[in-house]
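Q: File input04.cif follows (mmCIF, C-alpha atoms):
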data_protein
#
loop_
_atom_site.label_atom_id
_atom_site.label_comp_id
_atom_site.auth_asym_id
_atom_site.auth_seq_id
_atom_site.Cartn_x
_atom_site.Cartn_y
_atom_site.Cartn_z
CA GLN A 772 9.03 209.53 95.39
CA VAL A 773 12.20 208.24 93.75
CA THR A 774 10.58 205.90 91.30
CA GLY A 775 9.73 205.56 87.64
CA HIS A 776 11.03 207.37 84.59
CA LEU A 777 14.18 209.56 84.55
CA ASP A 778 14.17 212.81 82.56
CA ASP A 779 16.39 212.95 79.42
CA CYS A 780 16.69 209.13 79.48
CA THR A 781 14.79 206.09 78.30
CA CYS A 782 15.41 204.42 81.64
CA ASP A 783 13.69 204.12 85.00
CA VAL A 784 14.83 203.85 88.62
CA GLU A 785 13.62 200.25 89.13
CA THR A 786 15.59 198.86 86.17
CA ILE A 787 18.80 200.45 87.47
CA ASP A 788 18.23 199.20 91.04
CA ALA A 789 17.68 195.60 89.95
CA PHE A 790 20.65 195.60 87.54
CA ASN A 791 23.04 197.26 89.98
CA ASN A 792 22.11 195.58 93.26
CA TYR A 793 21.88 192.01 92.04
CA LYS A 794 24.26 191.83 89.09
CA LEU A 795 26.88 194.56 88.90
CA PHE A 796 27.70 195.84 92.39
CA PRO A 797 28.79 192.51 93.99
CA ARG A 798 31.35 191.96 91.22
CA LEU A 799 32.50 195.58 91.22
CA ASN A 800 33.00 195.51 94.98
CA GLU A 801 35.25 192.45 94.62
CA LEU A 802 37.32 194.26 91.97
CA LEU A 803 37.79 197.38 94.11
CA GLU A 804 39.26 195.34 96.97
CA ASN A 805 42.06 194.27 94.66
CA ASP A 806 45.53 195.86 95.04
CA TYR A 807 45.44 197.57 91.64
CA PHE A 808 42.32 199.55 92.57
CA ARG A 809 42.81 200.15 96.29
CA TYR A 810 45.99 202.27 96.02
CA TYR A 811 45.45 205.79 94.69
CA LYS A 812 48.27 208.31 94.42
CA VAL A 813 47.20 211.79 95.45
CA ASN A 814 48.70 215.14 96.40
CA LEU A 815 46.70 216.48 99.34
CA LYS A 816 49.07 219.41 99.90
CA LYS A 817 48.31 221.41 96.76
CA PRO A 818 47.27 224.98 97.64
CA CYS A 819 43.78 226.21 96.80
CA PRO A 820 44.04 228.10 93.47
CA PHE A 821 40.95 230.27 94.01
CA TRP A 822 41.27 231.85 97.46
CA ASP A 823 43.72 232.00 100.37
CA ASP A 824 42.67 229.19 102.59
CA ASN A 825 44.21 227.95 105.79
CA SER A 826 40.99 226.63 107.26
CA HIS A 827 42.01 223.00 107.62
CA CYS A 828 39.66 220.74 109.51
CA GLY A 829 40.92 220.17 113.04
CA VAL A 830 38.85 217.03 113.61
CA ARG A 831 41.06 213.94 113.74
CA ASP A 832 38.68 212.00 111.47
CA CYS A 833 39.57 214.44 108.68
CA ALA A 834 43.10 213.05 108.54
CA VAL A 835 44.30 210.68 105.81
CA LYS A 836 46.91 208.05 106.60
CA PRO A 837 49.21 207.58 103.60
CA CYS A 838 50.82 204.19 102.92
CA PRO A 839 54.42 203.48 103.81
CA SER A 840 55.96 202.86 100.39
CA ASP A 841 56.92 199.25 101.24
CA GLU A 842 53.21 198.40 101.60
CA VAL A 843 52.42 199.39 98.00
CA PRO A 844 52.98 196.49 95.57
CA ASP A 845 56.21 196.87 93.59
CA GLY A 846 54.43 196.68 90.25
CA ILE A 847 52.28 199.71 91.09
CA ARG A 848 55.18 201.75 92.48
CA SER A 849 57.62 201.01 89.67
CA GLY A 850 55.26 202.05 86.91
CA SER A 851 52.71 204.19 88.59
CA TYR A 852 50.64 204.55 85.45
CA LYS A 853 52.26 202.39 82.84
CA TYR A 854 50.68 199.10 81.98
CA SER A 855 53.31 196.53 81.18
CA GLU A 856 56.52 195.37 82.79
CA GLU A 857 58.63 196.51 79.85
CA ALA A 858 57.02 199.94 79.88
CA SER A 859 57.42 200.46 83.61
CA ASN A 860 61.11 199.52 83.45
CA LEU A 861 61.51 202.12 80.74
CA ALA A 862 59.24 204.79 82.13
CA GLU A 863 61.91 207.13 83.49
CA GLU A 864 64.09 206.85 80.39
CA CYS A 865 61.14 207.67 78.20
CA GLU A 866 59.97 210.66 80.19
CA GLU A 867 63.18 212.37 79.04
CA ALA A 868 63.71 210.64 75.75
CA LYS A 869 60.55 211.56 73.84
CA ARG A 870 62.00 209.94 70.73
CA LEU A 871 62.37 206.38 69.54
CA GLY A 872 66.14 206.45 69.19
CA ALA A 873 66.63 206.71 72.94
CA VAL A 874 64.36 203.79 73.78
CA ASP A 875 65.92 200.41 74.54
CA GLY A 876 66.33 198.74 71.16
CA SER A 877 65.66 195.26 72.56
CA LEU A 878 61.95 196.08 72.79
CA SER A 879 59.59 195.18 70.02
CA LYS A 880 58.57 198.02 67.74
CA GLU A 881 55.03 197.78 69.12
CA THR A 882 56.19 198.33 72.70
CA GLN A 883 58.48 201.21 71.68
CA GLN A 884 55.54 202.90 70.00
CA ALA A 885 53.31 202.29 73.03
CA VAL A 886 55.87 203.77 75.41
CA LEU A 887 56.18 206.89 73.30
CA GLN A 888 52.44 207.10 73.10
CA TRP A 889 52.19 207.13 76.91
CA THR A 890 54.67 209.96 77.33
CA ARG A 891 53.00 211.96 74.61
CA HIS A 892 49.53 211.50 75.99
CA ASP A 893 49.98 212.08 79.69
CA ASP A 894 49.17 215.80 79.50
CA SER A 895 46.65 215.58 76.72
CA SER A 896 44.20 218.36 76.03
CA ASP A 897 41.24 215.96 76.12
CA SER A 898 41.36 215.77 79.91
CA PHE A 899 38.35 216.96 81.91
CA CYS A 900 40.35 217.12 85.15
CA GLU A 901 43.29 218.96 86.63
CA ALA A 902 45.30 215.84 87.44
CA ASP A 903 47.81 215.69 90.29
CA ASP A 904 51.47 215.49 89.34
CA ILE A 905 52.10 212.00 90.68
CA TYR A 906 55.87 212.54 90.51
CA SER A 907 55.65 215.46 92.95
CA PRO A 908 57.38 214.77 96.31
CA ASP A 909 54.04 215.68 97.94
CA ALA A 910 52.12 212.94 96.11
CA GLU A 911 51.60 209.85 98.26
CA TYR A 912 49.84 206.53 97.90
CA VAL A 913 46.66 206.15 99.93
CA ASP A 914 44.95 202.84 100.67
CA LEU A 915 41.32 203.63 99.91
CA LEU A 916 40.08 200.68 101.96
CA LEU A 917 41.80 202.04 105.08
CA ASN A 918 40.54 205.61 104.48
CA PRO A 919 36.82 205.12 103.75
CA GLU A 920 34.55 207.96 102.75
CA ARG A 921 32.36 208.89 105.73
CA TYR A 922 31.23 211.78 107.90
CA THR A 923 34.24 213.45 109.49
CA GLY A 924 32.73 216.49 111.23
CA TYR A 925 33.71 218.81 108.36
CA LYS A 926 30.71 221.12 107.84
CA GLY A 927 29.52 224.70 108.15
CA PRO A 928 30.67 227.77 106.16
CA ASP A 929 33.88 226.18 104.83
CA ALA A 930 32.07 223.17 103.37
CA TRP A 931 29.31 225.43 101.97
CA LYS A 932 31.88 227.65 100.32
CA ILE A 933 33.14 224.69 98.28
CA TRP A 934 29.69 223.69 97.00
CA ASN A 935 28.71 227.31 96.36
CA SER A 936 31.82 227.76 94.23
CA ILE A 937 31.06 224.61 92.29
CA TYR A 938 27.48 225.66 91.55
CA GLU A 939 27.80 229.41 91.22
CA GLU A 940 31.06 229.69 89.30
CA ASN A 941 31.11 226.52 87.28
CA CYS A 942 27.58 225.49 86.40
CA PHE A 943 25.51 226.31 83.39
CA LYS A 944 22.70 227.67 85.54
CA PRO A 945 20.61 230.82 85.78
CA GLN A 946 22.65 233.65 87.31
CA ASN A 947 20.05 234.46 89.98
CA VAL A 948 19.96 230.94 91.44
CA LYS A 949 22.23 230.82 94.46
CA ARG A 950 22.98 227.77 96.57
CA PRO A 951 20.94 225.27 94.57
CA LEU A 952 20.93 222.74 97.38
CA THR A 953 19.87 224.95 100.28
CA SER A 954 16.84 223.36 101.86
CA GLY A 955 13.65 225.25 102.43
CA ARG A 956 13.42 227.26 99.22
CA GLY A 957 10.23 226.35 97.40
CA GLU A 958 10.59 229.17 94.90
CA LEU A 959 13.92 227.68 93.82
CA PHE A 960 12.22 224.42 92.89
CA ILE A 961 9.64 226.25 90.74
CA TYR A 962 12.33 228.44 89.15
CA LEU A 963 14.60 225.50 88.32
CA THR A 964 11.68 223.59 86.81
CA LYS A 965 11.11 226.48 84.38
CA TRP A 966 14.83 226.87 83.70
CA PHE A 967 15.33 223.14 83.04
CA SER A 968 12.65 223.15 80.37
CA SER A 969 14.22 226.14 78.60
CA VAL A 970 17.91 225.14 78.32
CA CYS A 971 19.58 222.67 76.00
CA VAL A 972 20.10 219.05 77.03
CA GLU A 973 23.88 219.53 77.52
CA LYS A 974 23.52 222.32 80.09
CA ARG A 975 20.77 220.43 81.86
CA ALA A 976 22.96 217.31 81.94
CA PHE A 977 25.94 219.20 83.35
CA TYR A 978 23.87 220.57 86.22
CA LYS A 979 22.39 217.12 86.91
CA LEU A 980 25.84 215.51 86.99
CA ILE A 981 27.07 217.96 89.64
CA SER A 982 23.85 217.61 91.61
CA GLY A 983 24.11 213.80 91.38
CA LEU A 984 27.70 213.89 92.62
CA HIS A 985 26.66 216.12 95.52
CA ALA A 986 23.78 213.77 96.36
CA SER A 987 26.09 210.76 96.23
CA ILE A 988 28.59 212.33 98.65
CA ASN A 989 25.78 213.38 101.02
CA ILE A 990 24.39 209.84 101.04
CA HIS A 991 27.80 208.40 101.95
CA LEU A 992 28.16 210.88 104.82
CA SER A 993 24.66 210.05 106.09
CA ALA A 994 25.20 206.28 105.74
CA ARG A 995 28.54 206.29 107.59
CA TYR A 996 27.89 208.88 110.26
CA LEU A 997 29.76 209.11 113.56
CA LEU A 998 26.99 207.95 115.91
CA GLN A 999 29.11 207.45 119.02
CA ASP A 1000 32.50 208.90 119.94
CA THR A 1001 33.78 207.94 123.38
CA TRP A 1002 37.25 207.24 124.70
CA SER A 1003 36.60 203.51 124.42
CA GLU A 1004 35.05 203.27 120.96
CA LYS A 1005 33.78 204.97 117.83
CA LYS A 1006 30.62 203.77 116.19
CA TRP A 1007 29.71 204.60 112.59
CA GLY A 1008 26.34 203.94 111.00
CA PRO A 1009 23.28 205.32 109.19
CA ASN A 1010 21.94 208.67 110.41
CA VAL A 1011 18.35 208.80 109.13
CA THR A 1012 17.75 212.36 110.38
CA GLU A 1013 20.78 213.64 108.45
CA PHE A 1014 19.55 211.85 105.32
CA GLN A 1015 16.03 213.28 105.67
CA GLN A 1016 17.30 216.84 106.08
CA ARG A 1017 19.00 216.56 102.70
CA PHE A 1018 16.48 214.48 100.76
CA ASP A 1019 13.03 214.35 102.39
CA GLU A 1020 10.43 215.77 100.00
CA VAL A 1021 8.66 217.89 102.64
CA ILE A 1022 11.79 219.24 104.36
CA THR A 1023 13.44 220.14 101.03
CA ARG A 1024 10.15 221.41 99.53
CA GLY A 1025 10.18 218.95 96.67
CA GLU A 1026 13.86 219.25 95.81
CA GLY A 1027 15.12 216.06 97.59
CA PRO A 1028 13.67 213.43 95.23
CA ARG A 1029 15.02 215.39 92.25
CA ARG A 1030 18.51 215.28 93.78
CA LEU A 1031 18.23 211.53 94.18
CA LYS A 1032 17.06 211.13 90.59
CA ASN A 1033 20.14 213.10 89.52
CA LEU A 1034 22.20 210.43 91.27
CA TYR A 1035 20.62 207.84 88.95
CA PHE A 1036 21.36 210.08 85.97
CA LEU A 1037 25.04 210.24 87.02
CA TYR A 1038 25.05 206.43 87.39
CA LEU A 1039 23.77 206.04 83.82
CA ILE A 1040 26.45 208.38 82.44
CA GLU A 1041 29.28 206.48 84.15
CA LEU A 1042 27.76 203.10 83.24
CA ARG A 1043 27.64 204.22 79.60
CA ALA A 1044 31.34 205.18 79.77
CA LEU A 1045 32.22 201.67 81.07
CA CYS A 1046 30.32 200.15 78.16
CA LYS A 1047 32.11 202.41 75.63
CA VAL A 1048 35.65 201.86 76.96
CA LEU A 1049 35.52 198.05 76.66
CA PRO A 1050 37.75 197.88 73.49
CA PHE A 1051 40.56 199.71 75.36
CA PHE A 1052 40.68 197.09 78.13
CA GLU A 1053 39.99 194.08 75.88
CA ARG A 1054 43.31 194.38 74.06
CA PRO A 1055 45.63 191.42 74.86
CA GLY A 1056 48.46 193.88 75.64
CA PHE A 1057 46.56 195.63 78.42
CA GLN A 1058 47.14 194.37 81.95
CA LEU A 1059 46.29 195.49 85.48
CA TYR A 1060 49.93 195.37 86.44
CA THR A 1061 50.78 194.88 90.13
CA GLY A 1062 53.66 192.43 89.66
CA ASN A 1063 51.66 189.31 90.60
CA LYS A 1064 51.13 187.69 87.21
CA SER A 1065 48.42 185.10 87.95
CA HIS A 1066 46.47 187.48 90.19
CA ASP A 1067 46.72 190.27 87.58
CA ALA A 1068 45.30 187.94 84.89
CA GLU A 1069 42.46 186.92 87.22
CA MET A 1070 41.60 190.57 87.92
CA LYS A 1071 41.65 191.46 84.23
CA ASN A 1072 39.09 188.69 83.63
CA LEU A 1073 36.88 190.08 86.40
CA LEU A 1074 37.26 193.59 84.97
CA LEU A 1075 36.19 192.41 81.50
CA GLU A 1076 33.25 190.50 83.01
CA ILE A 1077 32.07 193.76 84.65
CA LEU A 1078 32.50 195.74 81.40
CA HIS A 1079 30.58 193.12 79.38
CA LEU A 1080 27.88 193.23 82.03
CA ALA A 1081 27.77 197.04 81.72
CA LYS A 1082 27.41 196.63 77.95
CA SER A 1083 24.47 194.24 78.44
CA PHE A 1084 22.39 196.86 80.29
CA PRO A 1085 19.22 197.25 78.21
CA LEU A 1086 18.45 200.97 78.63
CA HIS A 1087 21.71 202.88 78.20
CA PHE A 1088 21.87 206.67 78.13
CA ASP A 1089 22.10 207.89 74.54
CA GLU A 1090 25.03 210.29 74.46
CA ASN A 1091 24.36 211.03 70.78
CA SER A 1092 21.91 213.65 72.00
CA PHE A 1093 24.95 215.59 73.28
CA PHE A 1094 26.49 218.23 71.01
CA ALA A 1095 24.44 217.07 68.05
CA GLY A 1096 23.52 220.48 66.61
CA ASN A 1097 25.53 222.99 64.55
CA LYS A 1098 29.14 221.74 64.42
CA LYS A 1099 30.75 225.07 65.34
CA GLU A 1100 28.33 225.68 68.22
CA ALA A 1101 28.69 222.08 69.38
CA ALA A 1102 32.50 222.32 69.48
CA LYS A 1103 32.30 225.55 71.47
CA LEU A 1104 29.82 224.07 73.93
CA LYS A 1105 31.90 220.91 74.33
CA GLU A 1106 35.03 222.95 75.14
CA GLU A 1107 33.02 225.02 77.63
CA PHE A 1108 31.77 221.80 79.21
CA ARG A 1109 35.35 220.52 79.54
CA LEU A 1110 36.72 223.74 81.04
CA HIS A 1111 33.82 224.05 83.50
CA PHE A 1112 34.51 220.55 84.73
CA LYS A 1113 38.26 221.17 84.91
CA ASN A 1114 37.56 224.11 87.23
CA ILE A 1115 35.48 221.89 89.47
CA SER A 1116 38.37 219.44 89.77
CA LYS A 1117 40.64 222.35 90.81
CA ILE A 1118 38.19 223.43 93.54
CA MET A 1119 38.80 220.07 95.25
CA ASP A 1120 42.20 221.43 96.35
CA CYS A 1121 40.28 223.98 98.46
CA VAL A 1122 38.50 221.36 100.60
CA GLY A 1123 39.70 221.81 104.19
CA CYS A 1124 39.14 218.20 105.32
CA PHE A 1125 41.82 215.93 103.86
CA LYS A 1126 39.64 212.82 103.78
CA CYS A 1127 36.87 214.77 102.02
CA ARG A 1128 39.51 216.21 99.67
CA LEU A 1129 40.80 212.72 98.84
CA TRP A 1130 37.34 211.37 97.96
CA GLY A 1131 36.32 214.60 96.25
CA LYS A 1132 39.39 214.48 94.00
CA LEU A 1133 38.90 210.79 93.26
CA GLN A 1134 35.21 211.12 92.39
CA THR A 1135 35.64 214.21 90.21
CA GLN A 1136 38.55 212.52 88.40
CA GLY A 1137 36.36 209.44 87.94
CA LEU A 1138 33.53 211.46 86.43
CA GLY A 1139 36.01 213.49 84.35
CA THR A 1140 37.42 210.21 82.99
CA ALA A 1141 33.90 209.00 82.14
CA LEU A 1142 33.25 212.23 80.21
CA LYS A 1143 36.60 211.91 78.43
CA ILE A 1144 35.59 208.38 77.34
CA LEU A 1145 32.17 209.48 76.07
CA PHE A 1146 33.73 212.32 74.09
CA SER A 1147 36.42 210.04 72.62
CA GLU A 1148 34.11 207.47 71.05
CA ASN A 1149 35.59 207.82 67.56
CA LEU A 1150 39.12 207.35 68.87
CA ILE A 1151 38.16 204.29 70.93
CA GLU A 1152 36.50 202.67 67.90
CA LYS A 1153 39.79 202.98 66.01
CA ILE A 1154 41.93 201.26 68.67
CA PRO A 1155 43.80 198.35 67.03
CA GLU A 1156 43.65 194.97 68.78
CA SER A 1157 47.38 194.99 69.39
CA GLY A 1158 49.93 197.76 69.65
CA PRO A 1159 49.42 201.27 70.98
CA SER A 1160 46.00 202.90 71.17
CA TYR A 1161 47.22 206.03 69.40
CA GLY A 1162 44.54 208.63 69.90
CA PHE A 1163 43.11 207.41 73.21
CA GLN A 1164 44.93 206.64 76.44
CA LEU A 1165 44.05 206.26 80.12
CA THR A 1166 46.58 206.60 82.92
CA ARG A 1167 46.51 204.23 85.88
CA GLN A 1168 45.22 207.14 87.99
CA GLU A 1169 42.28 207.63 85.64
CA ILE A 1170 41.47 203.90 85.65
CA VAL A 1171 41.55 203.67 89.47
CA ALA A 1172 39.43 206.84 89.78
CA LEU A 1173 36.90 205.72 87.13
CA PHE A 1174 36.09 202.40 88.82
CA ASN A 1175 36.21 203.68 92.41
CA ALA A 1176 33.95 206.64 91.55
CA PHE A 1177 31.48 204.26 89.95
CA GLY A 1178 31.77 202.03 93.01
CA ARG A 1179 30.66 204.96 95.16
CA LEU A 1180 27.53 205.39 93.06
#
Once you've parsed the file, please lay out its structure as structure tokens.

A:
Amino acid sequence: QVTGHLDDCTCDVETIDAFNNYKLFPRLNELLENDYFRYYKVNLKKPCPFWDDNSHCGVRDCAVKPCPSDEVPDGIRSGSYKYSEEASNLAEECEEAKRLGAVDGSLSKETQQAVLQWTRHDDSSDSFCEADDIYSPDAEYVDLLLNPERYTGYKGPDAWKIWNSIYEENCFKPQNVKRPLTSGRGELFIYLTKWFSSVCVEKRAFYKLISGLHASINIHLSARYLLQDTWSEKKWGPNVTEFQQRFDEVITRGEGPRRLKNLYFLYLIELRALCKVLPFFERPGFQLYTGNKSHDAEMKNLLLEILHLAKSFPLHFDENSFFAGNKKEAAKLKEEFRLHFKNISKIMDCVGCFKCRLWGKLQTQGLGTALKILFSENLIEKIPESGPSYGFQLTRQEIVALFNAFGRL
């Protein structure tokens, strides 16, 4: 049933499958195995801001193994989210300095400006996510390849509480719809169909993004399920029954295929963001800095190849349909959109399973970064070819999250 045209888009499922599976995903996968993208700094010890919660998952597969600091490449550690060698050497000075006079005078004027731009922009108000303080003593590097997203045994009331909070407190949805993804509620499907046709495209899109993210996570858990757990070995693999319970048309009373189509909608939104952000990464001064010069240059070429490929996709989502009405109303709706999503990123600190928390934080930050890009189009268009990109900036954390989140889709 997951076939054909996607609502609110000019695209269809088959076009996305062919483009992704044969062209984009193999290259993206290669990129994500690179050092720059495999190490993500995260604080898994932040308390839940919404309710008192000590219900941590006791299953050992919920644990995350952080990296000993000597395993993280020097270039990444020394300038956790600065892009050039000069900038990372100066990072600490500049965090305090905040003014040009205190910056090392041996740097070119361009680099001085760029460094100031970074410090000024790190807590910018255009963010869609509650970012971790990566300088906190509790923030640690995690090797994403050694901590894959998969089923950990975390389920039941605690896991439901997270998704309920995301849907009920943070979604533009009708007040009387509870638990949008509970299976076995045919009347919900009928009600949502009516509601979808009556609300504006922005509110519909917001709901579909969250639903798509939920679908994506559920697919990963079903695809890498703990099938065998004995003292001698653990075996992970696809659990078809688990997948069917969440997505089968009959079991979910028609809701499953819609969830899967929302996954394609989310893919289109993030693909569009990759297409739009190309000028930021194309600048000669931008580098994926790990400290290994030739390898970094090679990876930047692969990154640009992926972004050009994203740009070549023939049926992109048209984000101009967003916030296109009355300017005052549009600005209000956009801010509401941003704050709703920021709340969702905060809820990730309430997830009791640390591995689920890690991937939840990374994927919400990735989607938040995609939204930030789509809403910064005017600023990105004005980025000069050299020198600082004044109005628009991405931290290393945002870059790593953006590409890894898209890799999950």

Q: Quick one, how far is CA of Lys1105 in chain A from CA of Ala976 in chain A?

A: 12.3 Å

Q: Run the PyMOL selection byres ((chain A and resi 1059) around 10) mentally over the shown coordinates, then write out the matched residues as JSON, numbers by chain, using the chain letters and numbers from the document.

A: {"A": [806, 807, 808, 846, 847, 853, 854, 855, 1052, 1057, 1058, 1060, 1061, 1062, 1063, 1064, 1066, 1067, 1068, 1069, 1070, 1071, 1074, 1167, 1170]}

Q: I'd like to see the residues matched by the PyMOL selection byres ((chain A and resi 787) around 9) on this file, and ideally I'd get them as an mmCIF file with C-alpha atoms, in the coordinates of the input.

A:
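Contents of selection-v2.cif, as written:
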data_model
loop_
_atom_site.group_PDB
_atom_site.id
_atom_site.type_symbol
_atom_site.label_atom_id
_atom_site.label_comp_id
_atom_site.auth_asym_id
_atom_site.auth_seq_id
_atom_site.Cartn_x
_atom_site.Cartn_y
_atom_site.Cartn_z
ATOM 1 C CA CYS A 782 15.410 204.420 81.640
ATOM 2 C CA ASP A 783 13.690 204.120 85.000
ATOM 3 C CA VAL A 784 14.830 203.850 88.620
ATOM 4 C CA GLU A 785 13.620 200.250 89.130
ATOM 5 C CA THR A 786 15.590 198.860 86.170
ATOM 6 C CA ASP A 788 18.230 199.200 91.040
ATOM 7 C CA ALA A 789 17.680 195.600 89.950
ATOM 8 C CA PHE A 790 20.650 195.600 87.540
ATOM 9 C CA ASN A 791 23.040 197.260 89.980
ATOM 10 C CA ASN A 792 22.110 195.580 93.260
ATOM 11 C CA TYR A 1035 20.620 207.840 88.950
ATOM 12 C CA TYR A 1038 25.050 206.430 87.390
ATOM 13 C CA LEU A 1039 23.770 206.040 83.820
ATOM 14 C CA PHE A 1084 22.390 196.860 80.290
ATOM 15 C CA LEU A 1086 18.450 200.970 78.630
#

Q: Listed atoms of range 1097-1106 of chain A, axis-aligned box, 5 Å per side: centre and edge lengths to one decimal in Å, as JSON?

A:
{"center_x": 30.3, "center_y": 223.3, "center_z": 69.8, "size_x": 19.5, "size_y": 14.8, "size_z": 20.7}

Q: Please identify all polymer residues within 9 Å of Leu984 in chain A, counting only C-alpha atoms, omitting same-chain residues fewer than 6 positions from it, and present them as a list in words.

A: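 The neighbour list is Asn1033, Leu1034, Leu1037, Gln1134, Thr1135, Leu1138 and Leu1180 of chain A.
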